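Notes to accompany the following structure.
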Amino acid sequence: MTAAAQLAATTDSLGLTVDLALAGLTVGSAAALSGIGLVVCHRATGVLNIAQGAQAMAVAYLLRDLVVVRNWPVWPAVACCLLLVAPALGVLLDVLVYRPLQRRGAGPAETMVAGLGVFVLLIGVAVLLWGAAPLAGAPSPLGGAAIRLPGGHGLRPDTVAQLAAILLLGLTVFAATRWTRFGLRLRAVVDDRRLAALTGVDADRVSAAGWAFGTFTAGLVGIALAPYLLLDPYGLPLLVMETMAVAVAARLRSIPVAVATGLGLGIAQAELTRLRPSGQLLPLVEAVQSNLFVVALLATALLAGPRIGGEGTGEGTGAAPLAVRRTGDERGAGGGSGGSGGSGRLAGAVCLVLLLLPLGFRGNDLRSALLVPALALVLLSIVVVTGYGGQISLGQAGYAGLGALGTALLMSGRVPGVPPLPAAPALLIAVLATAPLGLLTGWPAIRRRGLALALVTFAVGTAMSRFVFQQPYATTGLVLDRPSFLAGDRAFYVAELLLLGLGLLTVRALHRGRLGRALTAMRDHEPGAVAAGVDVPGLKLLAFVAGAALAALGGGLIGLAGRAFDPAAFDPVRGLLWFAAVVVAGADSALAAVLAAALLIGLDAGTVAGVSAVAVGALAAAIGRLPGGLAAVPVPRRRPPPALPALPPSRLSLTGRRVRAAITTRQAGRVRKTGEDGAS
């Protein structure tokens, strides 16, 4: 190659690099905006806005509805969404959801569950209003030709606007927090809300302003991404949640670090498209190229350590408030592992009726009911990990997917060296192979708790979905069919009931005896359990391994019930819905897992898709007013007889003498009567 040809090739390569970097700024600037919103909201309220993705989705859907359906001009629609609807939504969430939690002094676990409730609720409302099918995105408010830069490179006007918004927001937040009285009040409220209120600071107003700003930035992210994506009520919130890597890298504190990380990841993701290896590495490289933010979220969550954003360790694991601790007959109200009081027997009877009722169904009703026992097994895994073990796990949908995919691969003969297997041994081997993979989330749980653990488990579940379930090399050519003696829906449902009964007995055994007491001690107060000699790391690993096995069994049954492997059935967003449903029903109740499964499947099958998400999301968002979930609702009991009023000692001694005198008189009367009868 001549020198001129080498120079031309170098120039072309440099030009391509610049073009890709400019294209990556579009996604990177949206991620940077997301990071700014998360950091500022956390600094203003002390809460990680885990529902930011759903808020961005809701604003994007509203913008499309105003512009495309109702024919509003673009700029008035944008102003309405960003300046009116988004801040009002933030204030509403603060008043109805987060303020009751702050006033009650709730821990990070309950606050995170409330955020998940908001997340699920907004998704359910979007599905009810606009449907679950993807829709074309809203038009960009800054359309037109690209801005030409030196060297012939082009930069989109909306990208320029996003970069300008990043600069403006960053400078505004810096100036407001450093040099204004509001910034001083904001720091005081975050450090100690009650002490700040005693000094005359209106903590509610400061918190409302923080939530209004957080939702405003979420709306900016939704409007920035809407022109380039199909609006999907499940996909768009998950995409925005992946950008939490930006805020986690900044430790929820530094805006410059969040901005630099967001822009850097966006540019790196665009530059990676130049890598086109040949052979079997190509699908893996393409998966990394399109899911770099997932990789970054997993890496930053693992490297962030046991604390994120100054999160305290608290007394326990941070998850204990999710499990209402009851004794005696009170345990029956929540189910425990079966309950011991009359209310426990009532809950067991209700579950039995719900599970036996589908045996009388036919057709589509019976086919829909096939998912109830299978999903109940998946939810039982959350009961074991979170309700009994006190560890927050948002990635159980990933293990359920591995159980379904493993069963399909073994039945299809896709595992090297293993011939095609029947359904029963394939399901058993898939469960046994998935159980040790619970260490993927169990091992990080040894040193992490609360929010840090939740992010790690969510990142692991999302990575499973993106790098395994959604890849053609893993899911093409699968065969997933039932054995001949279980081909009928009713016969298969009976087999599911038997496996569910086995799962309930296993969970009951985990919650009984010495092992159950050790799990409860670890959940309620981890340092105290360590001091008492409990093997806390081993118990955590056991909980995650048992949870992975139960989830894999339920996932395999979900696949066999539908006779196909559906990656959407194990989407990470559905995993968040399942977690919220278990918490709402009672995290430490095995029977509540069955009730939650029946609720999720029955509501959507009997009405329209999205109703179950709305119901579960509303209840989870109200966790501040309903601590412990539905299991904590007091059960009406027969009122005891009124207690006798207390008497002073002098009256008490006088009453005692009168009672003794009355007894003596009665005895003397009976003696005289007996004597008279004898004489006669």
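Chain labels run A, B, ... following the order of the structure tokens; each chain numbers its residues from 1, and ligands are numbered from 1 in the order shown.
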
Contact residues around A:Gly389 with only C-alpha atoms at 8 Å, ignoring same-chain residues under 4 positions, as a ChimeraX atom specification: /A:384-385,519-520,522-523,539-540,543

Could you give me, as a tab-separated table, every stretch 502-557 of chain A residue with an atom at most 9 Å from stretch 446-466 of chain A, plus its closest atom pair and distance in Å to one decimal, counting only C-alpha atoms, rows ordered by chain then number?
```
residue	atom	partner	partner_atom	distance
A:Val536	CA	A:Ile446	CA	8.0
A:Pro537	CA	A:Ile446	CA	5.5
A:Gly538	CA	A:Ile446	CA	8.7
A:Lys540	CA	A:Ile446	CA	6.8
A:Leu541	CA	A:Ile446	CA	8.0
```

Top pick for closest residue to A:Ala561, considering A:Val530, A:Leu619, A:Val372, A:Leu284 and counting only C-alpha atoms: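 Once distances to A:Ala561 are computed over only C-alpha atoms, the minimum belongs to A:Val372.
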
Straight-line distance linking atom CA of A:Leu600 with atom CA of A:Asp481, stated in Å to one decimal: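 Separation between atom CA of A:Leu600 and atom CA of A:Asp481: 24.7 Å.
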
All residues 7 Å or closer to stretch 207-220 of chain A, only C-alpha atoms, same chain fewer than 6 positions away omitted, as a count of residues only: 19

Surrounding residues of stretch 172-183 of chain A excluding itself and chain neighbours under 5 positions, 9 Å, only C-alpha atoms, as an MDAnalysis selection string: chainID A and resid 40 167 188 206 255

All helix (DSSP H, G or I) residues (DSSP, backbone) inside stretch 450-490 of chain A, as a PyMOL selection string: chain A and resi 450-469+472-475+484-486+489-490

Keeping only N, CA and C atoms, take the residues you just selected and write them out as a PDB file, in the first residue's frame.
```pdb
ATOM      1  N   GLY A 450     -29.422  -4.542  51.408  1.00  0.00           N
ATOM      2  CA  GLY A 450     -30.252  -3.403  51.048  1.00  0.00           C
ATOM      3  C   GLY A 450     -30.161  -3.046  49.582  1.00  0.00           C
ATOM      4  N   LEU A 451     -29.937  -1.767  49.329  1.00  0.00           N
ATOM      5  CA  LEU A 451     -29.928  -1.236  47.974  1.00  0.00           C
ATOM      6  C   LEU A 451     -28.799  -1.825  47.146  1.00  0.00           C
ATOM      7  N   ALA A 452     -27.617  -1.975  47.740  1.00  0.00           N
ATOM      8  CA  ALA A 452     -26.485  -2.521  46.990  1.00  0.00           C
ATOM      9  C   ALA A 452     -26.784  -3.932  46.496  1.00  0.00           C
ATOM     10  N   LEU A 453     -27.368  -4.764  47.354  1.00  0.00           N
ATOM     11  CA  LEU A 453     -27.709  -6.133  46.950  1.00  0.00           C
ATOM     12  C   LEU A 453     -28.814  -6.138  45.911  1.00  0.00           C
ATOM     13  N   ALA A 454     -29.793  -5.246  46.065  1.00  0.00           N
ATOM     14  CA  ALA A 454     -30.884  -5.181  45.091  1.00  0.00           C
ATOM     15  C   ALA A 454     -30.353  -4.863  43.702  1.00  0.00           C
ATOM     16  N   LEU A 455     -29.415  -3.935  43.604  1.00  0.00           N
ATOM     17  CA  LEU A 455     -28.858  -3.576  42.300  1.00  0.00           C
ATOM     18  C   LEU A 455     -28.060  -4.730  41.703  1.00  0.00           C
ATOM     19  N   VAL A 456     -27.304  -5.444  42.535  1.00  0.00           N
ATOM     20  CA  VAL A 456     -26.526  -6.578  42.021  1.00  0.00           C
ATOM     21  C   VAL A 456     -27.453  -7.655  41.474  1.00  0.00           C
ATOM     22  N   THR A 457     -28.479  -8.018  42.239  1.00  0.00           N
ATOM     23  CA  THR A 457     -29.383  -9.079  41.786  1.00  0.00           C
ATOM     24  C   THR A 457     -30.160  -8.656  40.546  1.00  0.00           C
ATOM     25  N   PHE A 458     -30.577  -7.392  40.494  1.00  0.00           N
ATOM     26  CA  PHE A 458     -31.268  -6.924  39.288  1.00  0.00           C
ATOM     27  C   PHE A 458     -30.339  -6.961  38.081  1.00  0.00           C
ATOM     28  N   ALA A 459     -29.091  -6.562  38.263  1.00  0.00           N
ATOM     29  CA  ALA A 459     -28.136  -6.581  37.152  1.00  0.00           C
ATOM     30  C   ALA A 459     -27.879  -8.000  36.673  1.00  0.00           C
ATOM     31  N   VAL A 460     -27.784  -8.964  37.600  1.00  0.00           N
ATOM     32  CA  VAL A 460     -27.573 -10.363  37.201  1.00  0.00           C
ATOM     33  C   VAL A 460     -28.772 -10.876  36.404  1.00  0.00           C
ATOM     34  N   GLY A 461     -29.978 -10.605  36.883  1.00  0.00           N
ATOM     35  CA  GLY A 461     -31.166 -11.043  36.155  1.00  0.00           C
ATOM     36  C   GLY A 461     -31.287 -10.402  34.789  1.00  0.00           C
ATOM     37  N   THR A 462     -30.958  -9.105  34.696  1.00  0.00           N
ATOM     38  CA  THR A 462     -31.014  -8.428  33.399  1.00  0.00           C
ATOM     39  C   THR A 462     -29.965  -8.974  32.443  1.00  0.00           C
ATOM     40  N   ALA A 463     -28.768  -9.262  32.967  1.00  0.00           N
ATOM     41  CA  ALA A 463     -27.725  -9.839  32.116  1.00  0.00           C
ATOM     42  C   ALA A 463     -28.144 -11.201  31.581  1.00  0.00           C
ATOM     43  N   MET A 464     -28.793 -12.025  32.410  1.00  0.00           N
ATOM     44  CA  MET A 464     -29.287 -13.316  31.919  1.00  0.00           C
ATOM     45  C   MET A 464     -30.274 -13.118  30.778  1.00  0.00           C
ATOM     46  N   SER A 465     -31.174 -12.157  30.945  1.00  0.00           N
ATOM     47  CA  SER A 465     -32.186 -11.930  29.911  1.00  0.00           C
ATOM     48  C   SER A 465     -31.560 -11.448  28.613  1.00  0.00           C
ATOM     49  N   ARG A 466     -30.645 -10.475  28.712  1.00  0.00           N
ATOM     50  CA  ARG A 466     -30.090  -9.877  27.500  1.00  0.00           C
ATOM     51  C   ARG A 466     -29.064 -10.768  26.809  1.00  0.00           C
ATOM     52  N   PHE A 467     -28.257 -11.475  27.565  1.00  0.00           N
ATOM     53  CA  PHE A 467     -27.163 -12.239  26.964  1.00  0.00           C
ATOM     54  C   PHE A 467     -27.489 -13.706  26.723  1.00  0.00           C
ATOM     55  N   VAL A 468     -28.597 -14.181  27.254  1.00  0.00           N
ATOM     56  CA  VAL A 468     -28.954 -15.594  27.063  1.00  0.00           C
ATOM     57  C   VAL A 468     -30.342 -15.727  26.442  1.00  0.00           C
ATOM     58  N   PHE A 469     -31.367 -15.226  27.136  1.00  0.00           N
ATOM     59  CA  PHE A 469     -32.736 -15.498  26.703  1.00  0.00           C
ATOM     60  C   PHE A 469     -33.083 -14.823  25.383  1.00  0.00           C
ATOM     61  N   PRO A 472     -30.416 -15.391  19.643  1.00  0.00           N
ATOM     62  CA  PRO A 472     -30.851 -16.493  18.766  1.00  0.00           C
ATOM     63  C   PRO A 472     -30.001 -17.754  18.893  1.00  0.00           C
ATOM     64  N   TYR A 473     -28.709 -17.595  19.199  1.00  0.00           N
ATOM     65  CA  TYR A 473     -27.856 -18.779  19.274  1.00  0.00           C
ATOM     66  C   TYR A 473     -28.278 -19.696  20.426  1.00  0.00           C
ATOM     67  N   ALA A 474     -29.010 -19.177  21.405  1.00  0.00           N
ATOM     68  CA  ALA A 474     -29.433 -19.995  22.545  1.00  0.00           C
ATOM     69  C   ALA A 474     -30.876 -20.440  22.472  1.00  0.00           C
ATOM     70  N   THR A 475     -31.686 -19.789  21.658  1.00  0.00           N
ATOM     71  CA  THR A 475     -33.130 -20.041  21.716  1.00  0.00           C
ATOM     72  C   THR A 475     -33.733 -20.535  20.404  1.00  0.00           C
ATOM     73  N   SER A 484     -46.381 -37.880  27.028  1.00  0.00           N
ATOM     74  CA  SER A 484     -47.684 -38.300  26.494  1.00  0.00           C
ATOM     75  C   SER A 484     -48.736 -38.441  27.591  1.00  0.00           C
ATOM     76  N   PHE A 485     -48.348 -38.941  28.776  1.00  0.00           N
ATOM     77  CA  PHE A 485     -49.352 -39.142  29.822  1.00  0.00           C
ATOM     78  C   PHE A 485     -49.754 -37.827  30.499  1.00  0.00           C
ATOM     79  N   LEU A 486     -49.038 -36.723  30.167  1.00  0.00           N
ATOM     80  CA  LEU A 486     -49.401 -35.409  30.689  1.00  0.00           C
ATOM     81  C   LEU A 486     -49.745 -34.444  29.558  1.00  0.00           C
ATOM     82  N   ASP A 489     -54.308 -30.918  29.419  1.00  0.00           N
ATOM     83  CA  ASP A 489     -54.106 -29.800  30.342  1.00  0.00           C
ATOM     84  C   ASP A 489     -54.480 -30.175  31.772  1.00  0.00           C
ATOM     85  N   ARG A 490     -55.546 -30.948  31.949  1.00  0.00           N
ATOM     86  CA  ARG A 490     -55.973 -31.299  33.303  1.00  0.00           C
ATOM     87  C   ARG A 490     -54.959 -32.225  33.969  1.00  0.00           C
TER      88      ARG A 490
END
```

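Using only C-alpha atoms, the nearest neighbour of A:Thr159 within the list A:Ala21, A:Val68, A:Leu83, A:Val257 is A:Ala21.
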
Nearest to A:Arg251, chosen from A:Leu121, A:Val113, A:Leu281, A:His42, with only C-alpha atoms counted in the distances: A:His42

Using only C-alpha atoms, which residues sit within 12 Å of A:Leu497 once same-chain residues fewer than 2 positions away are excluded, as a PDB file with N, CA, C and O atoms, in the first residue's frame?
```
ATOM      1  N   CYS A 351     -56.380 -21.027  49.751  1.00  0.00           N
ATOM      2  CA  CYS A 351     -55.402 -21.480  48.754  1.00  0.00           C
ATOM      3  C   CYS A 351     -55.828 -22.814  48.143  1.00  0.00           C
ATOM      4  O   CYS A 351     -55.695 -23.025  46.926  1.00  0.00           O
ATOM      5  N   LEU A 352     -56.322 -23.718  48.983  1.00  0.00           N
ATOM      6  CA  LEU A 352     -56.736 -25.023  48.471  1.00  0.00           C
ATOM      7  C   LEU A 352     -57.886 -24.884  47.480  1.00  0.00           C
ATOM      8  O   LEU A 352     -57.895 -25.531  46.420  1.00  0.00           O
ATOM      9  N   LEU A 354     -58.584 -22.202  45.662  1.00  0.00           N
ATOM     10  CA  LEU A 354     -58.083 -21.549  44.454  1.00  0.00           C
ATOM     11  C   LEU A 354     -57.323 -22.529  43.561  1.00  0.00           C
ATOM     12  O   LEU A 354     -57.373 -22.423  42.328  1.00  0.00           O
ATOM     13  N   LEU A 355     -56.608 -23.462  44.178  1.00  0.00           N
ATOM     14  CA  LEU A 355     -55.826 -24.414  43.389  1.00  0.00           C
ATOM     15  C   LEU A 355     -56.682 -25.547  42.826  1.00  0.00           C
ATOM     16  O   LEU A 355     -56.378 -26.073  41.742  1.00  0.00           O
ATOM     17  N   LEU A 356     -57.739 -25.950  43.530  1.00  0.00           N
ATOM     18  CA  LEU A 356     -58.585 -27.045  43.046  1.00  0.00           C
ATOM     19  C   LEU A 356     -59.672 -26.572  42.096  1.00  0.00           C
ATOM     20  O   LEU A 356     -60.180 -27.359  41.290  1.00  0.00           O
ATOM     21  N   LEU A 357     -60.017 -25.294  42.162  1.00  0.00           N
ATOM     22  CA  LEU A 357     -61.098 -24.778  41.318  1.00  0.00           C
ATOM     23  C   LEU A 357     -60.828 -24.956  39.829  1.00  0.00           C
ATOM     24  O   LEU A 357     -61.736 -25.328  39.076  1.00  0.00           O
ATOM     25  N   PRO A 358     -59.601 -24.734  39.328  1.00  0.00           N
ATOM     26  CA  PRO A 358     -59.371 -24.903  37.879  1.00  0.00           C
ATOM     27  C   PRO A 358     -59.577 -26.319  37.366  1.00  0.00           C
ATOM     28  O   PRO A 358     -59.659 -26.506  36.145  1.00  0.00           O
ATOM     29  N   LEU A 359     -59.650 -27.304  38.247  1.00  0.00           N
ATOM     30  CA  LEU A 359     -59.899 -28.660  37.762  1.00  0.00           C
ATOM     31  C   LEU A 359     -61.254 -28.779  37.081  1.00  0.00           C
ATOM     32  O   LEU A 359     -61.483 -29.711  36.304  1.00  0.00           O
ATOM     33  N   ALA A 369     -54.958 -21.192  33.737  1.00  0.00           N
ATOM     34  CA  ALA A 369     -54.731 -21.631  35.115  1.00  0.00           C
ATOM     35  C   ALA A 369     -53.478 -22.474  35.254  1.00  0.00           C
ATOM     36  O   ALA A 369     -52.957 -22.628  36.370  1.00  0.00           O
ATOM     37  N   LEU A 370     -52.959 -23.039  34.164  1.00  0.00           N
ATOM     38  CA  LEU A 370     -51.733 -23.830  34.248  1.00  0.00           C
ATOM     39  C   LEU A 370     -50.559 -23.013  34.776  1.00  0.00           C
ATOM     40  O   LEU A 370     -49.605 -23.578  35.336  1.00  0.00           O
ATOM     41  N   LEU A 371     -50.618 -21.705  34.620  1.00  0.00           N
ATOM     42  CA  LEU A 371     -49.507 -20.866  35.053  1.00  0.00           C
ATOM     43  C   LEU A 371     -49.515 -20.602  36.551  1.00  0.00           C
ATOM     44  O   LEU A 371     -48.508 -20.158  37.097  1.00  0.00           O
ATOM     45  N   VAL A 372     -50.633 -20.857  37.225  1.00  0.00           N
ATOM     46  CA  VAL A 372     -50.719 -20.497  38.646  1.00  0.00           C
ATOM     47  C   VAL A 372     -49.777 -21.337  39.506  1.00  0.00           C
ATOM     48  O   VAL A 372     -48.962 -20.782  40.258  1.00  0.00           O
ATOM     49  N   PRO A 373     -49.821 -22.695  39.475  1.00  0.00           N
ATOM     50  CA  PRO A 373     -48.872 -23.453  40.305  1.00  0.00           C
ATOM     51  C   PRO A 373     -47.425 -23.207  39.912  1.00  0.00           C
ATOM     52  O   PRO A 373     -46.541 -23.152  40.791  1.00  0.00           O
ATOM     53  N   ALA A 374     -47.159 -23.044  38.614  1.00  0.00           N
ATOM     54  CA  ALA A 374     -45.789 -22.800  38.178  1.00  0.00           C
ATOM     55  C   ALA A 374     -45.279 -21.465  38.711  1.00  0.00           C
ATOM     56  O   ALA A 374     -44.159 -21.370  39.242  1.00  0.00           O
ATOM     57  N   LEU A 375     -46.089 -20.415  38.582  1.00  0.00           N
ATOM     58  CA  LEU A 375     -45.673 -19.111  39.094  1.00  0.00           C
ATOM     59  C   LEU A 375     -45.585 -19.124  40.614  1.00  0.00           C
ATOM     60  O   LEU A 375     -44.729 -18.443  41.196  1.00  0.00           O
ATOM     61  N   ALA A 376     -46.450 -19.889  41.279  1.00  0.00           N
ATOM     62  CA  ALA A 376     -46.378 -19.983  42.737  1.00  0.00           C
ATOM     63  C   ALA A 376     -45.027 -20.538  43.188  1.00  0.00           C
ATOM     64  O   ALA A 376     -44.467 -20.100  44.205  1.00  0.00           O
ATOM     65  N   LEU A 377     -44.467 -21.485  42.450  1.00  0.00           N
ATOM     66  CA  LEU A 377     -43.140 -22.009  42.782  1.00  0.00           C
ATOM     67  C   LEU A 377     -42.070 -20.932  42.625  1.00  0.00           C
ATOM     68  O   LEU A 377     -41.145 -20.841  43.443  1.00  0.00           O
ATOM     69  N   ARG A 490     -55.546 -30.948  31.949  1.00  0.00           N
ATOM     70  CA  ARG A 490     -55.973 -31.299  33.303  1.00  0.00           C
ATOM     71  C   ARG A 490     -54.959 -32.225  33.969  1.00  0.00           C
ATOM     72  O   ARG A 490     -54.630 -32.056  35.163  1.00  0.00           O
ATOM     73  N   ALA A 491     -54.443 -33.189  33.247  1.00  0.00           N
ATOM     74  CA  ALA A 491     -53.433 -34.090  33.810  1.00  0.00           C
ATOM     75  C   ALA A 491     -52.157 -33.321  34.164  1.00  0.00           C
ATOM     76  O   ALA A 491     -51.547 -33.557  35.220  1.00  0.00           O
ATOM     77  N   PHE A 492     -51.759 -32.407  33.294  1.00  0.00           N
ATOM     78  CA  PHE A 492     -50.558 -31.616  33.580  1.00  0.00           C
ATOM     79  C   PHE A 492     -50.788 -30.725  34.796  1.00  0.00           C
ATOM     80  O   PHE A 492     -49.866 -30.518  35.602  1.00  0.00           O
ATOM     81  N   TYR A 493     -51.989 -30.195  34.948  1.00  0.00           N
ATOM     82  CA  TYR A 493     -52.278 -29.338  36.097  1.00  0.00           C
ATOM     83  C   TYR A 493     -52.179 -30.130  37.405  1.00  0.00           C
ATOM     84  O   TYR A 493     -51.659 -29.628  38.413  1.00  0.00           O
ATOM     85  N   VAL A 494     -52.659 -31.372  37.390  1.00  0.00           N
ATOM     86  CA  VAL A 494     -52.542 -32.216  38.579  1.00  0.00           C
ATOM     87  C   VAL A 494     -51.071 -32.458  38.913  1.00  0.00           C
ATOM     88  O   VAL A 494     -50.661 -32.419  40.096  1.00  0.00           O
ATOM     89  N   ALA A 495     -50.243 -32.713  37.891  1.00  0.00           N
ATOM     90  CA  ALA A 495     -48.815 -32.899  38.130  1.00  0.00           C
ATOM     91  C   ALA A 495     -48.186 -31.623  38.711  1.00  0.00           C
ATOM     92  O   ALA A 495     -47.334 -31.686  39.606  1.00  0.00           O
ATOM     93  N   LEU A 499     -46.147 -31.105  42.354  1.00  0.00           N
ATOM     94  CA  LEU A 499     -44.845 -30.465  42.499  1.00  0.00           C
ATOM     95  C   LEU A 499     -44.930 -29.234  43.394  1.00  0.00           C
ATOM     96  O   LEU A 499     -44.002 -28.956  44.167  1.00  0.00           O
ATOM     97  N   LEU A 500     -46.022 -28.493  43.310  1.00  0.00           N
ATOM     98  CA  LEU A 500     -46.199 -27.348  44.195  1.00  0.00           C
ATOM     99  C   LEU A 500     -46.303 -27.799  45.647  1.00  0.00           C
ATOM    100  O   LEU A 500     -45.733 -27.164  46.549  1.00  0.00           O
ATOM    101  N   GLY A 501     -47.032 -28.890  45.890  1.00  0.00           N
ATOM    102  CA  GLY A 501     -47.098 -29.425  47.245  1.00  0.00           C
ATOM    103  C   GLY A 501     -45.726 -29.818  47.767  1.00  0.00           C
ATOM    104  O   GLY A 501     -45.386 -29.571  48.928  1.00  0.00           O
ATOM    105  N   LEU A 502     -44.897 -30.431  46.884  1.00  0.00           N
ATOM    106  CA  LEU A 502     -43.531 -30.776  47.276  1.00  0.00           C
ATOM    107  C   LEU A 502     -42.727 -29.518  47.600  1.00  0.00           C
ATOM    108  O   LEU A 502     -41.958 -29.490  48.572  1.00  0.00           O
ATOM    109  N   GLY A 503     -42.916 -28.467  46.798  1.00  0.00           N
ATOM    110  CA  GLY A 503     -42.220 -27.215  47.070  1.00  0.00           C
ATOM    111  C   GLY A 503     -42.653 -26.591  48.381  1.00  0.00           C
ATOM    112  O   GLY A 503     -41.821 -26.077  49.152  1.00  0.00           O
ATOM    113  N   LEU A 504     -43.951 -26.636  48.688  1.00  0.00           N
ATOM    114  CA  LEU A 504     -44.445 -26.088  49.956  1.00  0.00           C
ATOM    115  C   LEU A 504     -43.893 -26.859  51.145  1.00  0.00           C
ATOM    116  O   LEU A 504     -43.525 -26.267  52.176  1.00  0.00           O
ATOM    117  N   GLY A 554     -40.206 -23.764  38.806  1.00  0.00           N
ATOM    118  CA  GLY A 554     -41.370 -23.032  38.321  1.00  0.00           C
ATOM    119  C   GLY A 554     -41.215 -22.569  36.892  1.00  0.00           C
ATOM    120  O   GLY A 554     -42.167 -22.633  36.096  1.00  0.00           O
ATOM    121  N   LEU A 557     -41.780 -25.434  34.476  1.00  0.00           N
ATOM    122  CA  LEU A 557     -43.208 -25.730  34.332  1.00  0.00           C
ATOM    123  C   LEU A 557     -43.919 -24.671  33.502  1.00  0.00           C
ATOM    124  O   LEU A 557     -44.860 -24.985  32.761  1.00  0.00           O
ATOM    125  N   VAL A 594     -48.731 -18.402  46.998  1.00  0.00           N
ATOM    126  CA  VAL A 594     -49.795 -19.019  46.206  1.00  0.00           C
ATOM    127  C   VAL A 594     -50.891 -18.004  45.903  1.00  0.00           C
ATOM    128  O   VAL A 594     -51.393 -17.911  44.775  1.00  0.00           O
TER     129      VAL A 594
END
```

Stretch 195-197 of chain A environment, 12 Å, only C-alpha atoms, sequence neighbours closer than 5 positions dropped, as an mmCIF file with N, CA, C and O atoms, in the first residue's frame:
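File out-v5.cif, as written:
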```
data_model
loop_
_atom_site.group_PDB
_atom_site.id
_atom_site.type_symbol
_atom_site.label_atom_id
_atom_site.label_comp_id
_atom_site.auth_asym_id
_atom_site.auth_seq_id
_atom_site.Cartn_x
_atom_site.Cartn_y
_atom_site.Cartn_z
ATOM 1 N N ARG A 103 -41.846 9.918 57.425
ATOM 2 C CA ARG A 103 -42.352 10.283 58.740
ATOM 3 C C ARG A 103 -42.364 9.091 59.690
ATOM 4 O O ARG A 103 -42.226 9.264 60.903
ATOM 5 N N LEU A 184 -28.616 24.826 51.499
ATOM 6 C CA LEU A 184 -28.307 24.535 52.894
ATOM 7 C C LEU A 184 -29.446 23.761 53.550
ATOM 8 O O LEU A 184 -29.226 22.792 54.285
ATOM 9 N N ARG A 185 -30.688 24.180 53.289
ATOM 10 C CA ARG A 185 -31.837 23.471 53.841
ATOM 11 C C ARG A 185 -31.930 22.053 53.284
ATOM 12 O O ARG A 185 -32.282 21.108 54.006
ATOM 13 N N LEU A 186 -31.614 21.920 52.020
ATOM 14 C CA LEU A 186 -31.670 20.601 51.393
ATOM 15 C C LEU A 186 -30.699 19.647 52.077
ATOM 16 O O LEU A 186 -31.054 18.513 52.414
ATOM 17 N N ARG A 187 -29.468 20.084 52.297
ATOM 18 C CA ARG A 187 -28.487 19.217 52.957
ATOM 19 C C ARG A 187 -28.912 18.897 54.385
ATOM 20 O O ARG A 187 -28.706 17.788 54.875
ATOM 21 N N ALA A 188 -29.528 19.860 55.050
ATOM 22 C CA ALA A 188 -29.981 19.621 56.424
ATOM 23 C C ALA A 188 -31.091 18.581 56.465
ATOM 24 O O ALA A 188 -31.114 17.707 57.342
ATOM 25 N N VAL A 189 -32.020 18.632 55.511
ATOM 26 C CA VAL A 189 -33.127 17.680 55.481
ATOM 27 C C VAL A 189 -32.617 16.272 55.203
ATOM 28 O O VAL A 189 -33.062 15.298 55.819
ATOM 29 N N VAL A 190 -31.666 16.128 54.284
ATOM 30 C CA VAL A 190 -31.143 14.809 53.950
ATOM 31 C C VAL A 190 -30.349 14.233 55.119
ATOM 32 O O VAL A 190 -30.437 13.042 55.423
ATOM 33 N N ASP A 202 -38.858 23.718 56.413
ATOM 34 C CA ASP A 202 -40.034 23.009 55.898
ATOM 35 C C ASP A 202 -39.539 21.800 55.102
ATOM 36 O O ASP A 202 -39.318 21.865 53.884
ATOM 37 N N ALA A 203 -39.370 20.678 55.810
ATOM 38 C CA ALA A 203 -38.794 19.492 55.180
ATOM 39 C C ALA A 203 -39.681 18.963 54.073
ATOM 40 O O ALA A 203 -39.184 18.450 53.056
ATOM 41 N N ASP A 204 -40.996 19.064 54.241
ATOM 42 C CA ASP A 204 -41.900 18.564 53.213
ATOM 43 C C ASP A 204 -41.734 19.335 51.908
ATOM 44 O O ASP A 204 -41.751 18.746 50.813
ATOM 45 N N ARG A 205 -41.584 20.643 52.002
ATOM 46 C CA ARG A 205 -41.418 21.444 50.791
ATOM 47 C C ARG A 205 -40.102 21.118 50.094
ATOM 48 O O ARG A 205 -40.049 21.006 48.869
ATOM 49 N N VAL A 206 -39.030 20.945 50.870
ATOM 50 C CA VAL A 206 -37.730 20.605 50.274
ATOM 51 C C VAL A 206 -37.805 19.246 49.591
ATOM 52 O O VAL A 206 -37.315 19.059 48.467
ATOM 53 N N SER A 207 -38.427 18.267 50.248
ATOM 54 C CA SER A 207 -38.547 16.935 49.669
ATOM 55 C C SER A 207 -39.393 16.966 48.399
ATOM 56 O O SER A 207 -39.064 16.305 47.403
#
```

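Atom pair atom CA of A:Thr243 / atom CA of A:Leu303: separated by 16.1 Å.
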
Residue with smallest distance to A:Ala564 - pool A:Val584, A:Ala620, A:Ala408, A:Ala433, counting only C-alpha atoms: A:Ala408

Who sits within 6 Å of stretch 232-237 of chain A, only C-alpha atoms, same chain under 4 positions skipped, as a list in words: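 Counting only C-alpha atoms, the residues come to Gly53, Ala54, Met57, Ile123 and Pro134 of chain A.
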
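When only C-alpha atoms are used to measure the gap to A:Val611, the shortest distance among A:Leu128, A:Cys80, A:Leu380, A:Leu478 belongs to A:Leu128.
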
Closest of A:Ser140, A:Ala596, A:Glu110, A:Gly390 to A:Glu526 - atom-to-atom distances counting only C-alpha atoms: A:Gly390
